[in-house]
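Student: So here's run26.cif (mmCIF, C-alpha atoms).
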data_data
loop_
_atom_site.label_atom_id
_atom_site.label_comp_id
_atom_site.auth_asym_id
_atom_site.auth_seq_id
_atom_site.Cartn_x
_atom_site.Cartn_y
_atom_site.Cartn_z
CA MET A 1143 48.51 116.67 85.16
CA THR A 1144 50.24 115.88 81.89
CA THR A 1145 53.60 116.09 83.64
CA ARG A 1146 52.51 113.64 86.32
CA SER A 1147 51.36 111.02 83.84
CA LYS A 1148 54.83 110.71 82.32
CA LEU A 1149 56.52 109.72 85.58
CA PRO A 1150 56.34 106.30 87.27
CA PRO A 1151 53.89 106.06 90.23
CA ASP A 1152 56.73 105.27 92.65
CA VAL A 1153 58.50 108.49 91.69
CA LEU A 1154 55.31 110.51 92.21
CA ARG A 1155 54.92 109.04 95.68
CA ASP A 1156 58.54 109.92 96.48
CA ILE A 1157 57.94 113.51 95.35
CA GLU A 1158 54.84 113.80 97.55
CA LYS A 1159 56.80 112.59 100.59
CA PHE A 1160 59.61 115.00 99.75
CA VAL A 1161 57.22 117.96 99.56
CA VAL A 1162 55.63 117.14 102.92
CA SER A 1163 59.02 116.76 104.57
CA ALA A 1164 60.43 119.96 103.02
CA LYS A 1165 57.41 122.05 103.99
CA ASN A 1166 57.71 120.89 107.60
CA MET A 1167 61.12 122.54 107.67
CA LYS A 1168 59.33 125.92 107.40
CA GLY A 1169 61.61 127.53 104.86
CA PRO A 1170 65.30 127.55 104.04
CA THR A 1171 67.86 127.24 106.80
CA SER A 1172 71.56 126.74 106.27
CA ASN A 1173 71.58 123.46 108.20
CA THR A 1174 68.61 121.90 106.32
CA ASN A 1175 69.49 123.06 102.80
CA LEU A 1176 71.85 120.15 102.22
CA ASP A 1177 69.25 117.68 103.50
CA ILE A 1178 66.72 119.05 101.01
CA ALA A 1179 69.29 118.92 98.19
CA LYS A 1180 70.24 115.34 99.03
CA ASP A 1181 66.60 114.22 99.13
CA ALA A 1182 65.95 115.90 95.76
CA ALA A 1183 69.03 114.22 94.28
CA GLU A 1184 67.83 110.83 95.52
CA ILE A 1185 64.44 111.36 93.88
CA LEU A 1186 66.12 112.23 90.57
CA ARG A 1187 68.33 109.15 90.88
CA ARG A 1188 65.26 106.96 91.39
CA THR A 1189 63.57 108.65 88.45
CA LEU A 1190 66.45 107.63 86.21
CA SER A 1191 66.61 104.11 87.62
CA GLN A 1192 62.94 103.60 86.70
CA THR A 1193 63.32 104.96 83.18
CA LYS A 1194 62.93 101.74 81.25
CA GLY A 1195 60.90 100.06 78.53
CA LYS A 1196 61.05 99.81 74.77
CA ASP A 1197 60.63 103.58 74.31
CA SER A 1198 63.43 104.51 76.73
CA SER A 1199 66.17 106.74 75.38
CA PHE A 1200 68.62 109.42 76.42
CA GLN A 1201 66.06 112.11 75.64
CA THR A 1202 63.49 110.29 77.76
CA MET A 1203 65.87 110.41 80.72
CA ILE A 1204 66.43 114.13 80.22
CA GLN A 1205 62.70 114.82 80.04
CA ASN A 1206 61.87 112.70 83.10
CA VAL A 1207 64.46 114.54 85.19
CA ARG A 1208 63.06 117.89 84.08
CA ASP A 1209 59.50 116.78 84.86
CA ALA A 1210 60.44 115.61 88.34
CA CYS A 1211 62.20 118.93 88.96
CA ARG A 1212 59.11 120.90 87.94
CA LEU A 1213 56.86 118.92 90.27
CA MET A 1214 59.19 119.45 93.24
CA LYS A 1215 59.51 123.16 92.52
CA GLU A 1216 55.75 123.62 92.09
CA ALA A 1217 55.00 122.08 95.46
CA TYR A 1218 58.03 123.35 97.38
CA PRO A 1219 58.58 127.09 96.88
CA TYR A 1220 62.31 127.31 97.62
CA GLY A 1221 63.18 126.10 94.15
CA PRO A 1222 66.67 127.42 93.29
CA LEU A 1223 68.40 124.70 95.30
CA ILE A 1224 66.31 121.98 93.64
CA SER A 1225 67.14 123.53 90.28
CA ASN A 1226 70.85 123.36 91.11
CA VAL A 1227 70.59 119.64 91.88
CA THR A 1228 68.67 119.05 88.66
CA ARG A 1229 71.19 120.98 86.56
CA ARG A 1230 74.00 118.96 88.08
CA VAL A 1231 72.25 115.66 87.32
CA LEU A 1232 71.59 116.77 83.74
CA TYR A 1233 75.24 117.74 83.39
CA ILE A 1234 76.24 114.22 84.47
CA LEU A 1235 73.77 112.71 82.00
CA ARG A 1236 75.17 114.68 79.08
CA ASP A 1237 78.75 113.98 80.12
CA GLU A 1238 78.18 110.22 80.41
CA TYR A 1239 76.36 110.22 77.07
CA GLN A 1240 79.37 111.77 75.32
CA ILE A 1241 81.77 109.35 77.01
CA THR A 1242 79.65 106.32 76.10
CA ARG A 1243 79.27 107.47 72.51
CA LEU A 1244 83.02 107.93 72.12
CA GLU A 1245 83.78 104.54 73.65
CA GLU A 1246 81.30 102.72 71.43
CA SER A 1247 82.31 104.56 68.26
CA LYS A 1248 85.93 103.30 68.37
CA PRO A 1249 85.29 99.67 67.32
CA HIS A 1250 82.77 100.82 64.70
CA GLU A 1251 85.34 103.16 63.16
CA GLN A 1252 87.62 100.16 62.65
CA GLU A 1253 84.76 98.21 61.06
CA ASP A 1254 84.04 101.11 58.69
CA GLU A 1255 87.66 101.11 57.55
CA HIS A 1256 87.45 97.39 56.69
CA GLU A 1257 84.16 97.96 54.85
CA ASP A 1258 85.66 100.80 52.80
CA LEU A 1259 88.59 98.58 51.86
CA ALA A 1260 86.23 95.81 50.73
CA LEU A 1261 84.11 98.18 48.66
CA SER A 1262 87.18 99.52 46.86
CA THR A 1263 87.81 96.05 45.36
CA ASN A 1264 84.33 95.79 43.77
CA ASP A 1265 83.62 95.80 40.04
CA ASP A 1266 85.28 98.81 38.36
CA LYS A 1267 82.51 98.99 35.78
CA LEU A 1268 80.07 100.49 38.28
CA ALA A 1269 82.61 103.07 39.36
CA ARG A 1270 83.22 104.18 35.75
CA THR A 1271 79.54 105.08 35.30
CA PHE A 1272 79.99 108.03 37.66
CA ASN A 1273 81.86 111.25 37.30
CA PRO A 1274 84.97 110.86 39.55
CA ALA A 1275 84.68 114.35 41.09
CA LEU A 1276 80.95 113.99 41.73
CA ASP A 1277 81.44 110.46 43.00
CA SER A 1278 83.94 111.73 45.58
CA GLN A 1279 81.54 114.38 46.88
CA ILE A 1280 78.63 111.93 47.09
CA ALA A 1281 80.76 109.35 48.87
CA SER A 1282 81.96 111.92 51.38
CA THR A 1283 78.43 113.13 52.10
CA ILE A 1284 77.06 109.59 52.49
CA ALA A 1285 79.97 108.59 54.75
CA SER A 1286 79.50 111.56 57.10
CA ALA A 1287 75.73 111.02 57.29
CA ALA A 1288 76.20 107.31 57.90
CA THR A 1289 78.73 107.98 60.64
CA ALA A 1290 76.41 110.41 62.44
CA LEU A 1291 73.50 108.00 62.13
CA SER A 1292 75.52 105.03 63.28
CA GLN A 1293 76.78 106.89 66.35
CA THR A 1294 73.19 107.67 67.36
CA GLU A 1295 71.87 104.18 66.70
CA ARG A 1296 74.81 102.34 68.19
CA ILE A 1297 74.48 103.92 71.64
CA ASN A 1298 73.67 101.08 73.99
CA PHE A 1299 70.97 102.56 76.22
CA PHE A 1300 71.42 99.97 78.95
CA GLN A 1301 75.16 100.57 79.09
CA LEU A 1302 74.57 104.32 79.16
CA LYS A 1303 72.06 103.98 81.97
CA ASN A 1304 74.42 101.78 83.99
CA ASN A 1305 77.22 104.34 83.60
CA ILE A 1306 74.93 107.15 84.70
CA MET A 1307 73.60 105.28 87.73
CA GLU A 1308 77.10 104.29 88.78
CA HIS A 1309 78.27 107.91 88.58
CA LEU A 1310 75.26 109.21 90.52
CA THR A 1311 75.51 106.55 93.23
CA ASN A 1312 79.27 106.43 93.75
CA ASN A 1313 80.21 110.06 93.09
CA PHE A 1314 77.32 112.52 93.11
CA MET A 1315 75.41 111.14 96.10
CA GLN A 1316 78.66 110.56 97.98
CA ASP A 1317 79.52 114.24 97.59
CA PHE A 1318 76.63 115.17 99.88
CA ASP A 1319 78.05 112.98 102.65
CA ASP A 1320 81.53 114.46 102.20
CA VAL A 1321 80.55 118.15 102.09
CA HIS A 1322 81.44 119.00 105.67
CA LYS A 1323 84.54 116.82 105.69
CA ASN A 1324 85.99 118.50 102.59
CA ILE A 1325 85.24 121.99 103.89
CA GLN A 1326 86.38 121.56 107.48
CA LYS A 1327 89.76 120.11 106.55
CA GLN A 1328 90.66 123.52 105.07
CA ALA A 1329 90.05 125.30 108.40
CA PRO A 1330 93.67 125.25 109.65
CA GLU A 1331 94.73 127.07 106.47
CA HIS A 1332 92.45 130.03 107.22
CA ILE A 1333 92.47 130.31 111.02
CA ALA A 1334 95.67 131.18 112.87
CA GLU A 1335 96.63 130.79 116.51
CA GLY A 1336 95.08 133.41 118.81
CA GLU A 1337 92.73 134.90 116.22
CA VAL A 1338 89.25 136.18 116.99
CA ILE A 1339 86.57 134.83 114.63
CA LEU A 1340 83.12 136.38 114.35
CA THR A 1341 80.17 134.50 112.90
CA TYR A 1342 76.44 135.08 112.59
CA GLY A 1343 73.59 132.79 113.63
CA TYR A 1344 73.85 129.05 113.17
CA SER A 1345 75.24 127.08 110.25
CA GLN A 1346 76.14 123.41 110.55
CA THR A 1347 78.89 123.92 107.97
CA VAL A 1348 80.42 126.77 109.97
CA GLU A 1349 80.07 124.79 113.18
CA LYS A 1350 82.06 121.84 111.84
CA PHE A 1351 84.57 124.21 110.23
CA LEU A 1352 85.32 125.92 113.55
CA LEU A 1353 85.32 122.74 115.62
CA PHE A 1354 87.79 121.07 113.29
CA ALA A 1355 90.12 124.06 113.54
CA ALA A 1356 89.79 124.03 117.35
CA LYS A 1357 91.35 120.55 117.46
CA LYS A 1358 94.70 122.00 116.37
CA ILE A 1359 94.46 125.74 116.96
CA LYS A 1360 93.44 127.87 119.93
CA PHE A 1361 91.28 130.86 119.02
CA LYS A 1362 88.24 132.82 120.21
CA VAL A 1363 84.80 133.03 118.63
CA ILE A 1364 82.21 135.81 118.81
CA VAL A 1365 78.70 134.73 117.80
CA CYS A 1366 75.97 137.17 116.83
CA GLU A 1367 72.71 135.70 118.11
CA ALA A 1368 70.71 136.35 114.89
CA ALA A 1369 67.48 137.69 116.44
CA PRO A 1370 64.58 137.11 116.53
CA GLU A 1371 65.13 133.34 116.25
CA CYS A 1372 68.45 133.60 118.09
CA LYS A 1373 69.94 130.55 116.40
CA GLY A 1374 73.38 131.82 117.36
CA HIS A 1375 72.72 130.48 120.85
CA LYS A 1376 72.84 126.94 119.46
CA LEU A 1377 76.23 127.52 117.82
CA ALA A 1378 77.63 129.15 120.95
CA GLN A 1379 76.53 126.18 123.03
CA LYS A 1380 78.13 123.70 120.61
CA LEU A 1381 81.42 125.59 120.65
CA ALA A 1382 81.45 125.96 124.43
CA GLU A 1383 80.82 122.24 124.87
CA ASN A 1384 83.99 121.62 122.86
CA GLU A 1385 86.04 124.03 125.01
CA VAL A 1386 86.17 126.84 122.45
CA GLU A 1387 86.24 130.26 124.14
CA THR A 1388 82.98 131.78 122.92
CA THR A 1389 81.20 135.10 123.40
CA ILE A 1390 77.62 135.62 122.26
CA ILE A 1391 76.46 139.16 121.49
CA PRO A 1392 73.29 140.86 120.24
CA ASP A 1393 73.35 141.69 116.54
CA THR A 1394 73.51 145.42 117.23
CA LEU A 1395 76.99 145.04 118.75
CA ALA A 1396 78.58 143.51 115.65
CA TYR A 1397 80.03 146.86 114.58
CA ALA A 1398 81.37 147.63 118.07
CA TYR A 1399 83.16 144.26 118.34
CA MET A 1400 84.45 144.22 114.75
CA ALA A 1401 87.57 146.24 115.61
CA ARG A 1402 88.98 143.29 117.57
CA VAL A 1403 87.96 140.62 115.03
CA SER A 1404 90.48 138.89 112.74
CA LYS A 1405 88.05 137.22 110.32
CA VAL A 1406 84.31 136.82 109.75
CA VAL A 1407 83.09 133.33 108.83
CA LEU A 1408 79.56 133.01 107.43
CA GLY A 1409 77.25 130.33 106.11
CA THR A 1410 74.84 130.93 103.24
CA TYR A 1411 71.67 129.69 101.58
CA LEU A 1412 72.81 130.34 98.00
CA VAL A 1413 75.74 131.78 96.05
CA VAL A 1414 74.37 133.64 93.02
CA ALA A 1415 76.03 133.99 89.62
CA ASN A 1416 77.73 137.33 90.31
CA GLY A 1417 79.43 136.02 93.45
CA GLY A 1418 76.95 137.50 95.92
CA LEU A 1419 75.11 135.67 98.70
CA ILE A 1420 71.56 134.93 99.74
CA ALA A 1421 72.20 134.62 103.47
CA PRO A 1422 70.23 134.82 106.75
CA ALA A 1423 68.70 138.21 107.49
CA GLY A 1424 71.17 140.35 109.40
CA SER A 1425 74.26 138.98 107.65
CA HIS A 1426 74.53 142.02 105.41
CA GLY A 1427 75.05 144.36 108.35
CA VAL A 1428 77.84 142.16 109.65
CA ALA A 1429 79.52 142.14 106.21
CA VAL A 1430 79.29 145.94 105.93
CA ALA A 1431 80.85 146.37 109.37
CA ALA A 1432 83.63 143.96 108.39
CA GLN A 1433 84.37 145.93 105.22
CA TYR A 1434 84.59 149.18 107.17
CA HIS A 1435 87.14 147.65 109.56
CA ARG A 1436 89.03 145.86 106.74
CA VAL A 1437 88.15 142.45 108.14
CA PRO A 1438 87.98 139.66 105.51
CA VAL A 1439 84.68 137.79 105.16
CA ILE A 1440 85.01 134.05 104.46
CA VAL A 1441 82.00 132.03 103.30
CA CYS A 1442 81.75 128.27 103.83
CA THR A 1443 79.45 126.72 101.25
CA ALA A 1444 78.74 123.51 99.36
CA MET A 1445 79.27 123.62 95.60
CA ILE A 1446 75.63 122.62 95.06
CA LYS A 1447 74.57 125.99 96.51
CA ILE A 1448 76.25 127.89 93.67
CA THR A 1449 73.48 128.83 91.25
CA PRO A 1450 73.60 130.32 87.73
CA ILE A 1451 70.79 132.76 88.46
CA TYR A 1452 71.35 136.42 89.36
CA PRO A 1453 70.07 138.27 92.45
CA SER A 1454 67.52 140.20 90.38
CA THR A 1455 65.94 137.02 89.00
CA THR A 1456 62.32 136.34 89.95
CA ASP A 1457 63.30 132.77 90.93
CA LEU A 1458 64.78 134.23 94.10
CA CYS A 1459 61.59 135.99 95.16
CA GLU A 1460 60.52 133.02 97.26
CA PHE A 1461 63.74 133.30 99.24
CA GLY A 1462 62.71 136.85 100.10
CA ARG A 1463 59.51 135.82 101.82
CA LEU A 1464 58.66 137.62 105.03
CA ARG A 1465 58.60 135.56 108.18
CA ASP A 1466 55.92 135.48 110.86
CA PRO A 1467 55.63 139.06 112.24
CA SER A 1468 54.76 137.74 115.71
CA GLU A 1469 58.44 136.79 116.11
CA ILE A 1470 59.13 140.52 116.39
CA LEU A 1471 55.90 141.92 117.81
CA PRO A 1472 53.28 139.71 119.51
CA TYR A 1473 49.82 139.65 117.96
CA ASP A 1474 48.13 140.89 121.14
CA ALA A 1475 50.30 144.02 121.06
CA VAL A 1476 49.29 144.70 117.48
CA LEU A 1477 45.59 144.13 118.21
CA SER A 1478 45.59 146.37 121.26
CA ALA A 1479 47.25 149.15 119.27
CA ALA A 1480 44.81 148.66 116.38
CA GLY A 1481 41.80 149.02 118.66
CA ARG A 1482 42.88 152.48 119.80
CA GLY A 1483 43.49 154.20 116.48
CA ASP A 1484 42.74 154.72 112.83
CA PRO A 1485 43.36 151.52 110.79
CA ASP A 1486 45.39 153.59 108.34
CA ASN A 1487 47.89 154.23 111.13
CA TRP A 1488 48.31 150.62 112.22
CA VAL A 1489 51.84 149.33 112.60
CA GLN A 1490 53.17 147.25 109.73
CA VAL A 1491 55.56 144.56 110.98
CA LEU A 1492 58.14 143.29 108.47
CA ASN A 1493 60.24 140.29 109.43
CA ALA A 1494 62.67 139.51 106.60
CA SER A 1495 64.07 136.01 106.21
CA VAL A 1496 67.16 136.68 104.08
CA ASP A 1497 69.73 139.30 103.11
CA TYR A 1498 71.54 139.81 99.85
CA ILE A 1499 75.28 140.38 100.31
CA PRO A 1500 77.02 141.80 97.20
CA PRO A 1501 80.28 140.17 96.04
CA GLU A 1502 82.42 143.19 96.91
CA LEU A 1503 81.86 142.43 100.60
CA ILE A 1504 83.17 138.85 100.28
CA ALA A 1505 86.86 137.88 100.37
CA LEU A 1506 86.83 134.09 99.83
CA PHE A 1507 84.58 131.09 99.30
CA ILE A 1508 85.62 127.79 100.89
CA THR A 1509 83.93 124.91 99.09
CA ASN A 1510 83.88 121.14 99.11
CA ASP A 1511 85.61 120.66 95.76
CA ASP A 1512 88.27 117.97 95.45
CA LEU A 1513 91.09 120.50 95.00
CA GLY A 1514 90.59 122.03 98.44
CA CYS A 1515 90.95 125.56 97.08
CA ALA A 1516 89.43 128.84 98.22
CA TYR A 1517 87.89 130.98 95.48
CA ALA A 1518 87.38 134.71 95.09
CA PRO A 1519 83.88 135.92 94.12
CA THR A 1520 85.18 136.79 90.63
CA TYR A 1521 85.88 133.08 90.03
CA ILE A 1522 82.28 131.95 90.54
CA TYR A 1523 81.50 132.22 86.83
CA ARG A 1524 84.26 129.68 86.10
CA LEU A 1525 82.85 127.28 88.68
CA LEU A 1526 79.43 127.57 87.04
CA LEU A 1527 80.90 126.38 83.74
CA GLN A 1528 82.37 123.35 85.52
CA LEU A 1529 79.14 122.50 87.35
CA TYR A 1530 76.34 123.04 84.84
CA ASN A 1531 75.57 122.86 81.13
CA PRO A 1532 74.30 126.12 79.53
CA GLU A 1533 71.51 124.10 77.87
CA ASP A 1534 69.98 123.56 81.32
CA SER A 1535 69.86 127.20 82.41
CA ASP A 1536 66.09 127.32 81.91
CA LEU A 1537 64.24 124.60 83.82
#
Show how you would write the structure in this file as structure tokens.
Tutor:
Amino acid sequence: MTTRSKLPPDVLRDIEKFVVSAKNMKGPTSNTNLDIAKDAAEILRRTLSQTKGKDSSFQTMIQNVRDACRLMKEAYPYGPLISNVTRRVLYILRDEYQITRLEESKPHEQEDEHEDLALSTNDDKLARTFNPALDSQIASTIASAATALSQTERINFFQLKNNIMEHLTNNFMQDFDDVHKNIQKQAPEHIAEGEVILTYGYSQTVEKFLLFAAKKIKFKVIVCEAAPECKGHKLAQKLAENEVETTIIPDTLAYAYMARVSKVVLGTYLVVANGGLIAPAGSHGVAVAAQYHRVPVIVCTAMIKITPIYPSTTDLCEFGRLRDPSEILPYDAVLSAAGRGDPDNWVQVLNASVDYIPPELIALFITNDDLGCAYAPTYIYRLLLQLYNPEDSDL
């Protein structure tokens, strides 16, 4: 409750609406992840916009963002993506703070030079009462302390806040709208004429990636249906409607069809710090089959999905939740079997929601960065340094 009291009432209401909306999505899916991230980013932006009053400061903004992040993560279990958004916002805050401080320190440095020149013309009698060597040390110490203090005090909070809000509104929030556009425009560089592309399940990012390539290139697509939800049917329908030659197969045939495949294109929930993936359940088997047949695996992902946590971290446990077992085996079948035998011999039904794919099974990541580059898994650690501040690793 102490965390709640520090945030404005409007922000708390926004967080409650966010939690209700996110829970209705029934867990992470590759096509709703970006919607959740964008909503979380908007809440953090509003949190900063309402940070005001006589006690407002840079540290207050940092703390309010962290508090809002904790509330969203407490209520919505799939927290790593929310943490990524928060880390990115905090990175922008720190970056804008440094820029503002440097800009405002320049005119003050000129004023200090004029003040030093004026002081040097004062009465020489006072100067002669001090030891010259000691006087020099004291003057140097006082000057450095005064400079540090003046830089802290001279930061114009309102100017800093305006710079931060402008960056968040015009750049950060705009990035969410441009994710698919920046990824799909790279498609012609990775898909050649006449190739056979295999993908798994449904990902909106992969869908737009393939459809953009189909405007200029003719190729075939094989879609694994991703049982038991069979979301691959949706992707196959979208591709067929746009005159892309598409074949849908059961997941068990991925290995058999892999020999004729040119590339595998996958979506993902998260990219972890070692370059591995948290992807829909069943994706790992496809990646293993691709490695055996020497077929490259390409992953289309937004930069905001790259997280500094490792696959063994407890923060990822929520992504490993089991799904409803009735999707695999109906409840009536379980009950009828239970009534005929010893309870110790009842069938245990496990319906996993995600797979972990190690980095050695991945060839390239295609992201929405401004450079339009594809990155190897070994480069993920460099991207993490560009995206987040190490001070924000623990939220």
Student: List the neighbours of Lys1358 of chain A out to 10 Å using only C-alpha atoms; skip same-chain residues closer than 6 positions along the sequence, and give me the result as a compact mmCIF listing (two decimals) with C-alpha atoms, keeping the file's coordinate frame.
Tutor:
# COMPACT_ATOMS: atom_id res chain seq x y z
CA ALA A 1329 90.05 125.30 108.40
CA PRO A 1330 93.67 125.25 109.65
CA ALA A 1334 95.67 131.18 112.87
CA GLU A 1335 96.63 130.79 116.51
Student: Decode the PyMOL selection byres ((chain A and resi 1333) around 12) for the given file into explicit residues and return them as a VMD selection string.
Tutor: chain A and resid 1326 to 1332 1334 to 1340 1351 to 1363 1403 to 1407 1438 1440
Student: Using all atoms listed in the file, find the one residue out of A:Arg1155, A:Arg1243, A:Arg1524, A:Arg1463 that sits nearest to Ile1185 of chain A.
Tutor: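 Closest to Ile1185 of chain A of all the choices is A:Arg1155.
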Student: Can you measure atom CA of Leu1213 of chain A to atom CA of Arg1465 of chain A for me? One decimal in Å is fine.
Tutor: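 Distance reported for this atom pair: 24.5 Å.
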Student: What is the atom CA of Asn1313 of chain A to atom CA of Pro1450 of chain A distance in Å?
Tutor: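 We find that atom CA of Asn1313 of chain A and atom CA of Pro1450 of chain A lie 22.0 Å from each other.
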Student: Would you pick out the contacts of segment 1228-1233 of chain A at 7 Å or less, using all atoms listed in the file, so that residues sharing its chain but fewer than 5 positions from it are not included, and give the list as a ChimeraX atom specification?
Tutor: /A:1204,1211,1529-1531,1534
Student: Please measure the separation of atom CA of Gln1490 of chain A and atom CA of Glu1371 of chain A, giving the value in Å to one decimal.
Tutor: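 According to the coordinates, atom CA of Gln1490 of chain A and atom CA of Glu1371 of chain A are separated by 19.5 Å.
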Student: Of the candidates A:Leu1310, A:Ile1178, A:Ile1224, A:Leu1186, which one gets nearest to Glu1238 of chain A if we count only C-alpha atoms?
Tutor: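 For Glu1238 of chain A, the nearest of the given residues is A:Leu1310.
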Student: Need the neighbours of (68.7, 117.9, 96.7): which residues are at most 9 Å away, counting all atoms listed in the file, as a list in words?
Tutor: Asn1175, Leu1176, Asp1177, Ile1178, Ala1179, Lys1180, Asp1181, Ala1182, Ala1183, Glu1184, Ile1185, Leu1186, Leu1223, Ile1224, Ser1225, Asn1226, Val1227, Thr1228, Phe1318 and Ile1446 of chain A
Student: Taking 3 positions as the minimum chain separation for residues in the same chain, which residues sit within 7 Å of segment 1415-1431 of chain A when counting only C-alpha atoms? Answer as a list in words.
Tutor: Tyr1342, Ala1368, Ala1396, Tyr1397, Met1400, Thr1410, Tyr1411, Leu1412, Tyr1434, His1435, Val1439, Thr1449, Pro1450, Ile1451, Tyr1452, Ala1494, Ser1495, Val1496, Asp1497, Tyr1498, Ile1499, Pro1500, Pro1501, Leu1503, Pro1519, Thr1520, Ile1522 and Tyr1523 of chain A
Student: I need the residue set behind the PyMOL selection byres ((chain A and resi 1349) around 10) for this file; please write it as a tab-separated table (two decimals) with C-alpha atoms, in the frame of the given file.
Tutor:
chain	number	residue	atom	x	y	z
A	1173	ASN	CA	71.58	123.46	108.20
A	1322	HIS	CA	81.44	119.00	105.67
A	1326	GLN	CA	86.38	121.56	107.48
A	1341	THR	CA	80.17	134.50	112.90
A	1344	TYR	CA	73.85	129.05	113.17
A	1345	SER	CA	75.24	127.08	110.25
A	1346	GLN	CA	76.14	123.41	110.55
A	1347	THR	CA	78.89	123.92	107.97
A	1348	VAL	CA	80.42	126.77	109.97
A	1350	LYS	CA	82.06	121.84	111.84
A	1351	PHE	CA	84.57	124.21	110.23
A	1352	LEU	CA	85.32	125.92	113.55
A	1353	LEU	CA	85.32	122.74	115.62
A	1354	PHE	CA	87.79	121.07	113.29
A	1376	LYS	CA	72.84	126.94	119.46
A	1377	LEU	CA	76.23	127.52	117.82
A	1378	ALA	CA	77.63	129.15	120.95
A	1380	LYS	CA	78.13	123.70	120.61
A	1381	LEU	CA	81.42	125.59	120.65
A	1409	GLY	CA	77.25	130.33	106.11
Student: Please expand the PyMOL selection byres ((chain A and resi 1509-1514) around 10) into the concrete residues it hits in this file, giving the result as an mmCIF file with C-alpha atoms, in the frame of the given file.
Tutor:
data_model
loop_
_atom_site.group_PDB
_atom_site.id
_atom_site.type_symbol
_atom_site.label_atom_id
_atom_site.label_comp_id
_atom_site.auth_asym_id
_atom_site.auth_seq_id
_atom_site.Cartn_x
_atom_site.Cartn_y
_atom_site.Cartn_z
ATOM 1 C CA ASP A 1317 79.520 114.240 97.590
ATOM 2 C CA PHE A 1318 76.630 115.170 99.880
ATOM 3 C CA ASP A 1320 81.530 114.460 102.200
ATOM 4 C CA VAL A 1321 80.550 118.150 102.090
ATOM 5 C CA HIS A 1322 81.440 119.000 105.670
ATOM 6 C CA LYS A 1323 84.540 116.820 105.690
ATOM 7 C CA ASN A 1324 85.990 118.500 102.590
ATOM 8 C CA ILE A 1325 85.240 121.990 103.890
ATOM 9 C CA GLN A 1326 86.380 121.560 107.480
ATOM 10 C CA LYS A 1327 89.760 120.110 106.550
ATOM 11 C CA GLN A 1328 90.660 123.520 105.070
ATOM 12 C CA VAL A 1441 82.000 132.030 103.300
ATOM 13 C CA CYS A 1442 81.750 128.270 103.830
ATOM 14 C CA THR A 1443 79.450 126.720 101.250
ATOM 15 C CA ALA A 1444 78.740 123.510 99.360
ATOM 16 C CA MET A 1445 79.270 123.620 95.600
ATOM 17 C CA ILE A 1446 75.630 122.620 95.060
ATOM 18 C CA LYS A 1447 74.570 125.990 96.510
ATOM 19 C CA ILE A 1448 76.250 127.890 93.670
ATOM 20 C CA LEU A 1506 86.830 134.090 99.830
ATOM 21 C CA PHE A 1507 84.580 131.090 99.300
ATOM 22 C CA ILE A 1508 85.620 127.790 100.890
ATOM 23 C CA CYS A 1515 90.950 125.560 97.080
ATOM 24 C CA ALA A 1516 89.430 128.840 98.220
ATOM 25 C CA TYR A 1517 87.890 130.980 95.480
#
Student: Report, as lines of an AutoDock Vina configuration file, the axis-aligned box around all atoms of segment 1504-1509 of chain A present in the file, extended by 8 Å on each side; give centre and edge lengths in Å to one decimal place.
Tutor:
center_x = 85.0
center_y = 131.9
center_z = 100.0
size_x = 19.7
size_y = 29.9
size_z = 17.8
Student: Calculated over only C-alpha atoms, which of the candidates A:Leu1537, A:Leu1190, A:Ala1401, A:Val1153 has the smallest distance to Gly1221 of chain A?
Tutor: A:Leu1537
Student: Could you check which of A:Leu1525, A:Pro1150, A:Met1203, A:Val1162 is closest to Phe1300 of chain A, using all atoms listed in the file?
Tutor: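 Closest candidate: A:Met1203.
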